[in-house]
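The file entry.cif contains mmCIF, C-alpha atoms and all ligand atoms:
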```cif
data_query
loop_
_atom_site.label_atom_id
_atom_site.label_comp_id
_atom_site.auth_asym_id
_atom_site.auth_seq_id
_atom_site.Cartn_x
_atom_site.Cartn_y
_atom_site.Cartn_z
CA MET A 1 -87.13 -6.08 -7.16
CA LYS A 2 -87.64 -3.23 -4.79
CA LYS A 3 -90.92 -1.67 -3.85
CA ALA A 4 -91.98 1.92 -4.44
CA LYS A 5 -92.75 2.48 -0.76
CA SER A 6 -89.01 2.77 -0.16
CA ALA A 7 -89.00 6.48 -0.94
CA SER A 8 -90.61 7.23 2.40
CA GLY A 9 -87.83 5.45 4.33
CA ASN A 10 -88.89 2.14 5.82
CA THR A 11 -88.38 2.16 9.58
CA ALA A 12 -90.42 -0.80 10.82
CA GLY A 13 -89.08 -1.02 14.34
CA PRO A 14 -85.30 -0.69 13.95
CA ARG A 15 -83.29 -0.98 17.18
CA LYS A 16 -82.55 2.52 18.43
CA SER A 17 -78.80 1.98 18.54
CA VAL A 18 -76.12 3.51 16.32
CA ILE A 19 -72.35 2.99 16.20
CA ALA A 20 -69.87 5.33 14.54
CA VAL A 21 -66.60 3.72 13.45
CA ALA A 22 -63.79 5.99 12.27
CA ALA A 23 -60.02 5.89 12.05
CA HIS A 24 -58.74 8.59 14.43
CA PRO A 25 -59.79 10.46 17.56
CA ASP A 26 -61.65 13.58 16.25
CA ASP A 27 -62.76 12.08 12.88
CA ILE A 28 -66.22 11.36 14.30
CA GLU A 29 -66.51 14.91 15.65
CA PHE A 30 -65.63 16.38 12.25
CA ALA A 31 -68.00 14.45 10.01
CA MET A 32 -70.57 12.52 12.05
CA ALA A 33 -71.24 14.01 15.50
CA GLY A 34 -74.15 16.24 14.47
CA THR A 35 -76.06 13.26 13.10
CA LEU A 36 -75.23 11.21 16.20
CA LEU A 37 -76.46 14.02 18.48
CA ALA A 38 -79.72 14.25 16.53
CA LEU A 39 -80.23 10.50 16.98
CA ARG A 40 -79.34 10.75 20.68
CA ASP A 41 -82.02 13.43 21.08
CA ARG A 42 -84.53 10.96 19.66
CA GLY A 43 -83.68 8.35 22.27
CA TRP A 44 -81.00 6.43 20.40
CA GLU A 45 -78.02 4.83 22.16
CA VAL A 46 -74.84 6.15 20.54
CA HIS A 47 -71.64 4.08 20.39
CA TYR A 48 -68.30 5.61 19.36
CA MET A 49 -65.21 3.78 18.13
CA ASN A 50 -61.85 5.04 16.86
CA VAL A 51 -59.93 2.16 15.29
CA ALA A 52 -56.54 3.89 15.78
CA ASN A 53 -55.19 5.55 18.90
CA GLY A 54 -53.93 8.84 17.40
CA ASN A 55 -50.30 8.13 18.31
CA CYS A 56 -48.99 10.11 15.31
CA GLY A 57 -50.91 13.28 16.20
CA SER A 58 -48.03 15.23 17.70
CA VAL A 59 -44.64 16.59 16.69
CA ASN A 60 -43.49 16.99 20.32
CA LEU A 61 -44.82 14.08 22.36
CA GLY A 62 -43.76 10.46 22.05
CA SER A 63 -46.12 7.79 20.76
CA LYS A 64 -47.30 6.53 24.14
CA ALA A 65 -47.77 9.99 25.65
CA ILE A 66 -49.85 11.38 22.79
CA ALA A 67 -51.90 8.17 22.46
CA GLY A 68 -52.75 8.39 26.18
CA LYS A 69 -53.70 12.05 25.85
CA ARG A 70 -55.88 11.40 22.82
CA LEU A 71 -57.66 8.50 24.49
CA ALA A 72 -58.55 10.81 27.40
CA GLU A 73 -59.72 13.48 24.91
CA ALA A 74 -61.97 11.04 23.01
CA LYS A 75 -63.42 9.78 26.28
CA ALA A 76 -64.09 13.36 27.44
CA SER A 77 -65.89 14.09 24.17
CA CYS A 78 -68.04 10.96 24.59
CA LYS A 79 -68.80 11.83 28.21
CA LEU A 80 -69.93 15.31 27.22
CA ALA A 81 -72.32 13.90 24.60
CA GLY A 82 -73.42 10.81 26.51
CA PHE A 83 -71.90 8.41 23.95
CA VAL A 84 -70.45 4.97 24.78
CA HIS A 85 -66.70 4.87 24.04
CA TYR A 86 -64.91 1.79 22.65
CA PRO A 87 -61.12 1.48 22.98
CA PRO A 88 -58.93 1.76 19.86
CA LEU A 89 -57.23 -1.32 18.40
CA VAL A 90 -54.00 -0.16 16.73
CA ASN A 91 -51.56 2.69 16.15
CA ASP A 92 -52.12 5.34 13.46
CA LEU A 93 -51.06 4.26 9.95
CA GLU A 94 -51.51 0.61 10.95
CA ILE A 95 -55.22 0.24 10.17
CA ALA A 96 -55.64 -2.66 7.76
CA HIS A 97 -58.35 -5.05 6.68
CA VAL A 98 -56.81 -7.99 8.57
CA THR A 99 -58.40 -10.61 10.81
CA PRO A 100 -57.31 -9.35 14.28
CA GLN A 101 -58.63 -5.84 13.57
CA LEU A 102 -61.79 -7.15 11.95
CA ALA A 103 -62.41 -9.33 15.03
CA GLY A 104 -62.16 -6.23 17.25
CA VAL A 105 -64.61 -4.19 15.18
CA VAL A 106 -67.05 -7.14 14.89
CA SER A 107 -66.98 -7.42 18.68
CA ALA A 108 -67.78 -3.71 19.10
CA ILE A 109 -70.63 -3.95 16.60
CA ARG A 110 -72.10 -6.99 18.31
CA ALA A 111 -71.81 -5.22 21.69
CA ALA A 112 -73.65 -2.15 20.35
CA ARG A 113 -76.25 -4.19 18.37
CA PRO A 114 -76.90 -1.21 16.11
CA SER A 115 -79.42 -0.81 13.34
CA ILE A 116 -77.24 2.01 11.95
CA VAL A 117 -73.48 1.89 11.36
CA LEU A 118 -71.89 5.22 10.43
CA THR A 119 -68.40 5.16 9.01
CA GLN A 120 -65.97 7.03 6.81
CA SER A 121 -65.91 7.29 3.04
CA PRO A 122 -64.70 4.19 1.18
CA ALA A 123 -62.73 6.66 -0.99
CA ASP A 124 -60.82 9.27 1.00
CA TYR A 125 -57.48 11.07 0.93
CA MET A 126 -56.00 8.87 3.63
CA GLU A 127 -55.52 5.09 3.76
CA ASP A 128 -56.39 4.88 7.47
CA HIS A 129 -59.81 6.38 6.72
CA GLN A 130 -60.42 4.00 3.82
CA ASN A 131 -59.30 0.98 5.83
CA ALA A 132 -61.44 1.95 8.84
CA SER A 133 -64.38 2.22 6.45
CA ARG A 134 -63.64 -1.23 4.99
CA LEU A 135 -63.37 -2.75 8.48
CA ALA A 136 -66.67 -1.18 9.54
CA VAL A 137 -68.43 -2.44 6.40
CA THR A 138 -67.17 -6.01 6.79
CA ALA A 139 -67.85 -6.00 10.54
CA ALA A 140 -71.41 -4.77 9.92
CA PHE A 141 -71.82 -7.54 7.35
CA CYS A 142 -70.63 -10.05 10.00
CA HIS A 143 -73.21 -8.99 12.61
CA GLY A 144 -75.26 -12.07 11.77
CA VAL A 145 -72.43 -14.41 10.74
CA PRO A 146 -71.81 -16.55 13.85
CA ASN A 147 -68.52 -18.03 12.59
CA ALA A 148 -66.94 -14.68 11.69
CA PRO A 149 -63.89 -13.61 13.75
CA CYS A 150 -64.97 -11.77 16.92
CA LYS A 151 -62.71 -10.86 19.81
CA PRO A 152 -63.73 -10.54 22.62
CA ALA A 153 -66.30 -13.16 21.59
CA ARG A 154 -69.91 -11.96 21.41
CA LYS A 155 -73.06 -13.47 20.01
CA ALA A 156 -74.13 -12.69 16.46
CA PHE A 157 -77.49 -10.95 16.08
CA PHE A 158 -80.01 -11.28 13.29
CA GLU A 159 -81.60 -7.91 12.65
CA ASN A 160 -81.33 -5.48 9.77
CA VAL A 161 -78.32 -3.18 9.75
CA ALA A 162 -77.81 -0.17 7.48
CA VAL A 163 -74.36 1.30 6.79
CA TYR A 164 -73.93 4.97 5.84
CA HIS A 165 -70.70 6.58 4.67
CA ALA A 166 -69.70 10.09 5.69
CA MET A 167 -68.12 12.47 3.21
CA PRO A 168 -64.34 12.33 2.80
CA HIS A 169 -62.07 15.05 4.13
CA GLY A 170 -62.19 17.93 1.65
CA LEU A 171 -65.23 16.27 0.01
CA ARG A 172 -62.97 14.64 -2.61
CA ASP A 173 -61.62 11.15 -3.20
CA MET A 174 -57.90 10.29 -3.32
CA LEU A 175 -57.67 11.34 -6.98
CA GLY A 176 -59.25 14.70 -6.27
CA LYS A 177 -62.64 13.89 -7.72
CA GLN A 178 -65.50 15.62 -5.95
CA LEU A 179 -67.97 13.20 -4.36
CA HIS A 180 -71.68 13.77 -4.01
CA ALA A 181 -73.55 13.05 -0.79
CA GLY A 182 -77.15 12.61 -1.94
CA MET A 183 -78.42 12.66 1.66
CA TRP A 184 -77.90 15.47 4.15
CA VAL A 185 -78.68 15.85 7.84
CA ASP A 186 -79.35 19.31 9.25
CA VAL A 187 -76.84 19.79 12.12
CA GLU A 188 -77.36 23.49 12.84
CA LYS A 189 -79.06 22.78 16.18
CA HIS A 190 -76.11 20.66 17.28
CA ALA A 191 -73.28 22.81 15.92
CA ASP A 192 -72.36 24.21 19.35
CA MET A 193 -72.18 20.76 20.94
CA LYS A 194 -70.25 19.46 17.92
CA LYS A 195 -67.77 22.29 18.51
CA LYS A 196 -67.52 21.51 22.23
CA MET A 197 -66.89 17.83 21.47
CA LEU A 198 -64.20 18.71 18.94
CA ALA A 199 -62.64 21.14 21.42
CA CYS A 200 -62.17 18.19 23.82
CA HIS A 201 -59.40 17.13 21.42
CA ALA A 202 -57.22 19.88 22.85
CA SER A 203 -53.93 18.36 21.67
CA GLN A 204 -55.05 18.70 18.05
CA LYS A 205 -56.69 22.06 18.54
CA LYS A 206 -53.53 23.62 20.02
CA TRP A 207 -51.36 22.23 17.28
CA LEU A 208 -53.55 23.43 14.42
CA ASP A 209 -54.40 26.76 16.02
CA ALA A 210 -50.69 27.45 16.50
CA THR A 211 -49.76 26.57 12.94
CA GLN A 212 -52.87 27.77 11.11
CA GLY A 213 -54.33 30.53 13.24
CA MET A 214 -56.61 30.95 16.24
CA ASP A 215 -59.59 28.59 16.29
CA SER A 216 -58.78 27.17 12.87
CA TYR A 217 -59.48 23.67 14.18
CA LEU A 218 -63.08 24.42 15.13
CA GLN A 219 -63.58 26.75 12.18
CA THR A 220 -62.49 24.04 9.72
CA MET A 221 -65.24 21.78 11.03
CA ILE A 222 -67.88 24.52 10.81
CA ASP A 223 -66.69 25.42 7.28
CA LEU A 224 -67.11 21.77 6.27
CA CYS A 225 -70.67 21.73 7.65
CA ALA A 226 -71.39 25.01 5.81
CA ALA A 227 -70.07 23.53 2.55
CA MET A 228 -72.30 20.50 3.01
CA GLY A 229 -75.23 22.76 3.88
CA LYS A 230 -74.73 24.70 0.66
CA LEU A 231 -74.55 21.50 -1.38
CA SER A 232 -77.77 20.28 0.24
CA GLY A 233 -79.54 23.34 -1.12
CA LYS A 234 -81.69 23.29 1.99
CA PHE A 235 -79.72 23.53 5.26
CA ARG A 236 -77.21 26.08 6.58
CA LEU A 237 -75.02 23.51 8.36
CA ALA A 238 -75.18 19.86 7.37
CA GLU A 239 -73.43 16.50 7.33
CA GLY A 240 -73.55 14.49 4.13
CA TRP A 241 -74.19 10.76 3.86
CA ARG A 242 -74.34 7.94 1.33
CA ARG A 243 -76.10 4.67 2.10
CA HIS A 244 -74.12 1.50 1.49
CA ASN A 245 -75.72 -1.10 -0.79
CA PRO A 246 -78.01 -3.03 1.63
CA LEU A 247 -77.48 -6.46 0.00
CA GLY A 248 -76.31 -8.85 2.71
CA PHE A 249 -76.81 -6.34 5.54
CA ALA A 250 -80.59 -6.30 5.71
CA THR A 251 -83.36 -8.61 4.57
CA ASP A 252 -85.35 -5.54 3.55
CA LEU A 253 -83.54 -3.69 0.78
CA ASP A 254 -85.63 -0.60 1.57
CA PHE A 255 -84.18 -0.44 5.08
CA ASP A 256 -83.16 3.21 5.52
CA PRO A 257 -83.37 3.85 9.28
CA LEU A 258 -81.37 7.09 9.32
CA ARG A 259 -83.87 8.75 7.04
CA GLY A 260 -86.77 7.29 8.99
CA ALA A 261 -85.40 8.31 12.40
CA LEU A 262 -84.54 11.91 11.60
CA GLY A 263 -87.52 12.87 9.42
CA SER A 264 -87.46 16.54 8.46
CA LEU A 265 -83.80 16.87 9.50
CA VAL A 266 -82.95 14.77 6.44
CA HIS A 267 -82.95 15.98 2.86
CA VAL A 268 -82.29 13.66 -0.07
CA ASP A 269 -81.73 14.60 -3.66
CA ARG A 270 -83.80 13.20 -6.49
CA LYS A 271 -81.05 10.83 -7.62
CA TYR A 272 -80.94 9.20 -4.19
CA ALA A 273 -84.72 8.86 -4.01
CA LYS A 274 -84.78 7.45 -7.55
CA TRP A 275 -82.19 4.80 -6.62
CA LEU A 276 -84.43 3.68 -3.77
CA GLU A 277 -87.48 3.46 -6.00
CA GLU A 278 -85.91 1.60 -8.92
ZN ZN A 301 -58.46 10.92 10.51
#
```
Kindly present the structure from the file in structure tokens form.
Amino acid sequence: MKKAKSASGNTAGPRKSVIAVAAHPDDIEFAMAGTLLALRDRGWEVHYMNVANGNCGSVNLGSKAIAGKRLAEAKASCKLAGFVHYPPLVNDLEIAHVTPQLAGVVSAIRAARPSIVLTQSPADYMEDHQNASRLAVTAAFCHGVPNAPCKPARKAFFENVAVYHAMPHGLRDMLGKQLHAGMWVDVEKHADMKKKMLACHASQKKWLDATQGMDSYLQTMIDLCAAMGKLSGKFRLAEGWRRHNPLGFATDLDFDPLRGALGSLVHVDRKYAKWLEE
């Protein structure tokens, strides 16, 4: 049974480390960077991992050339924000919940020793996103499982970890059903930096701007934040989150460190608060 105190967000000394795990270079900038920047401002270490290398993100360049370019772009974005970059594991469209990839994500999570893992929606329009989310969830679960696959090998750690899922692209699942966040982070203060980070992904920006109009790449991201802000009913620009079921990830089922760390930057709806109190 859970305790009523959960509604306030229990934050008894979580490690100030967060890792974002997403499929492709620029996915983190679109849906998670504002929240990461807010945590960074509060003294958190921020770790950044793209599972795939972005090798399908061009119609002109070959696989190796575009993957190299996108690695440099992701690193530039991390450098700008002061995030720690982790190298990708596989090509685009090859993300799968298989042991070698799981071992790589477990290793990154054990290196970062986070109390918060941010990842993509378990239901999303694209399989890479869903599979990256599944890998992040299992890897977070394995943080304290010493015999789980981990390559390069790193020691398990035994502290509470909370997993939060970002909203899917277009805010709908693969069958077109609209999904509800329930928890929103105000990212207005960090919108400019979020834009600058996304603009580091120049190969994608040029491509989309050319085909869809000037600055459509950056505008799409801002439009998404505005849509989330509107749904929050409180903020102008926001990122939406859903907390993963804490069973197996934390000994304290009330563990909600994102809410605790960001205070007034977080708004939750009554349904979310009720779930915590039940
Ligand atoms: Zn993606």
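Comparing the minimum interatomic distances between Thr251 in chain A and each of A:Glu73, A:Glu159, A:Asp27, A:Asp269, counting only C-alpha atoms, we find that A:Glu159 sits nearest.
Across the model, the gap from CA of Asn53 in chain A to CA of Val21 in chain A is 12.8 Å.
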Pull the closest atom pair for each residue of chain A that gets at most 10 Å from ligand ZN 301 (chain A), along with the distance in Å to one decimal, counting only C-alpha atoms and all ligand atoms, ordering rows by chain and then ascending residue number, as JSON lines.
```
{"residue": "A:Ala22", "atom": "CA", "partner": "A:ZN301", "partner_atom": "ZN", "distance": 7.5}
{"residue": "A:Ala23", "atom": "CA", "partner": "A:ZN301", "partner_atom": "ZN", "distance": 5.5}
{"residue": "A:His24", "atom": "CA", "partner": "A:ZN301", "partner_atom": "ZN", "distance": 4.6}
{"residue": "A:Pro25", "atom": "CA", "partner": "A:ZN301", "partner_atom": "ZN", "distance": 7.2}
{"residue": "A:Asp26", "atom": "CA", "partner": "A:ZN301", "partner_atom": "ZN", "distance": 7.1}
{"residue": "A:Asp27", "atom": "CA", "partner": "A:ZN301", "partner_atom": "ZN", "distance": 5.0}
{"residue": "A:Ile28", "atom": "CA", "partner": "A:ZN301", "partner_atom": "ZN", "distance": 8.6}
{"residue": "A:Phe30", "atom": "CA", "partner": "A:ZN301", "partner_atom": "ZN", "distance": 9.2}
{"residue": "A:Asn50", "atom": "CA", "partner": "A:ZN301", "partner_atom": "ZN", "distance": 9.3}
{"residue": "A:Ala52", "atom": "CA", "partner": "A:ZN301", "partner_atom": "ZN", "distance": 9.0}
{"residue": "A:Gly54", "atom": "CA", "partner": "A:ZN301", "partner_atom": "ZN", "distance": 8.5}
{"residue": "A:Gly57", "atom": "CA", "partner": "A:ZN301", "partner_atom": "ZN", "distance": 9.7}
{"residue": "A:Asp92", "atom": "CA", "partner": "A:ZN301", "partner_atom": "ZN", "distance": 8.9}
{"residue": "A:Leu93", "atom": "CA", "partner": "A:ZN301", "partner_atom": "ZN", "distance": 10.0}
{"residue": "A:Gln120", "atom": "CA", "partner": "A:ZN301", "partner_atom": "ZN", "distance": 9.2}
{"residue": "A:Asp124", "atom": "CA", "partner": "A:ZN301", "partner_atom": "ZN", "distance": 9.9}
{"residue": "A:Tyr125", "atom": "CA", "partner": "A:ZN301", "partner_atom": "ZN", "distance": 9.6}
{"residue": "A:Met126", "atom": "CA", "partner": "A:ZN301", "partner_atom": "ZN", "distance": 7.6}
{"residue": "A:Glu127", "atom": "CA", "partner": "A:ZN301", "partner_atom": "ZN", "distance": 9.4}
{"residue": "A:Asp128", "atom": "CA", "partner": "A:ZN301", "partner_atom": "ZN", "distance": 7.1}
{"residue": "A:His129", "atom": "CA", "partner": "A:ZN301", "partner_atom": "ZN", "distance": 6.1}
{"residue": "A:Gln130", "atom": "CA", "partner": "A:ZN301", "partner_atom": "ZN", "distance": 9.8}
{"residue": "A:Ala132", "atom": "CA", "partner": "A:ZN301", "partner_atom": "ZN", "distance": 9.6}
{"residue": "A:Pro168", "atom": "CA", "partner": "A:ZN301", "partner_atom": "ZN", "distance": 9.8}
{"residue": "A:His169", "atom": "CA", "partner": "A:ZN301", "partner_atom": "ZN", "distance": 8.4}
```
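Pairwise distance (CA of Arg40 in chain A, CA of Ile222 in chain A) equals 20.5 Å.
The two atoms in question, CA of Leu89 in chain A and CA of Arg134 in chain A, are spaced 14.9 Å apart.
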Near His190 in chain A, counting only C-alpha atoms, which residues have an atom at most 12 Å away, once you skip same-chain residues fewer than 5 positions from it, shown as a CSV table (one decimal) with C-alpha atoms, in the frame of the given file?
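result04.csv, freshly written:
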```csv
chain,number,residue,atom,x,y,z
A,29,GLU,CA,-66.5,14.9,15.6
A,32,MET,CA,-70.6,12.5,12.0
A,33,ALA,CA,-71.2,14.0,15.5
A,34,GLY,CA,-74.2,16.2,14.5
A,35,THR,CA,-76.1,13.3,13.1
A,36,LEU,CA,-75.2,11.2,16.2
A,37,LEU,CA,-76.5,14.0,18.5
A,38,ALA,CA,-79.7,14.2,16.5
A,39,LEU,CA,-80.2,10.5,17.0
A,40,ARG,CA,-79.3,10.8,20.7
A,41,ASP,CA,-82.0,13.4,21.1
A,81,ALA,CA,-72.3,13.9,24.6
A,185,VAL,CA,-78.7,15.8,7.8
A,195,LYS,CA,-67.8,22.3,18.5
A,196,LYS,CA,-67.5,21.5,22.2
A,197,MET,CA,-66.9,17.8,21.5
A,222,ILE,CA,-67.9,24.5,10.8
A,225,CYS,CA,-70.7,21.7,7.6
A,237,LEU,CA,-75.0,23.5,8.4
A,238,ALA,CA,-75.2,19.9,7.4
A,239,GLU,CA,-73.4,16.5,7.3
A,265,LEU,CA,-83.8,16.9,9.5
```
Pick from A:Asn55, A:Asn245, A:Ser232, A:Asn147 nearest to Val90 in chain A, counting all atoms listed in the file: A:Asn55
Exercise: range 204-207 of chain A partners within 10 Å, only C-alpha atoms, chain neighbours under 5 positions left out, as a PyMOL selection string: chain A and resi 25-26+54+57-60+70+73+198-199+212-218
Surrounding residues of Arg154 in chain A excluding itself and chain neighbours under 6 positions, 9 Å, all atoms listed in the file, as a list in words: Val106, Ser107, Ala108, Arg110 and Ala111 of chain A
For Leu224 in chain A, the nearest of the candidates A:Leu171, A:Val137, A:Asp252, A:Gly43, counting all atoms listed in the file: A:Leu171
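The smallest atom-to-atom distance between Ala191 in chain A and any of A:Asp173, A:Asp254, A:Asp209, A:Asp223, using all atoms listed in the file, is found for A:Asp223.
Among A:Val187, A:Ala123, A:Cys150, A:Leu208, the residue with the shortest atom-to-atom distance to Ile109 in chain A, counting all atoms listed in the file, is A:Cys150.
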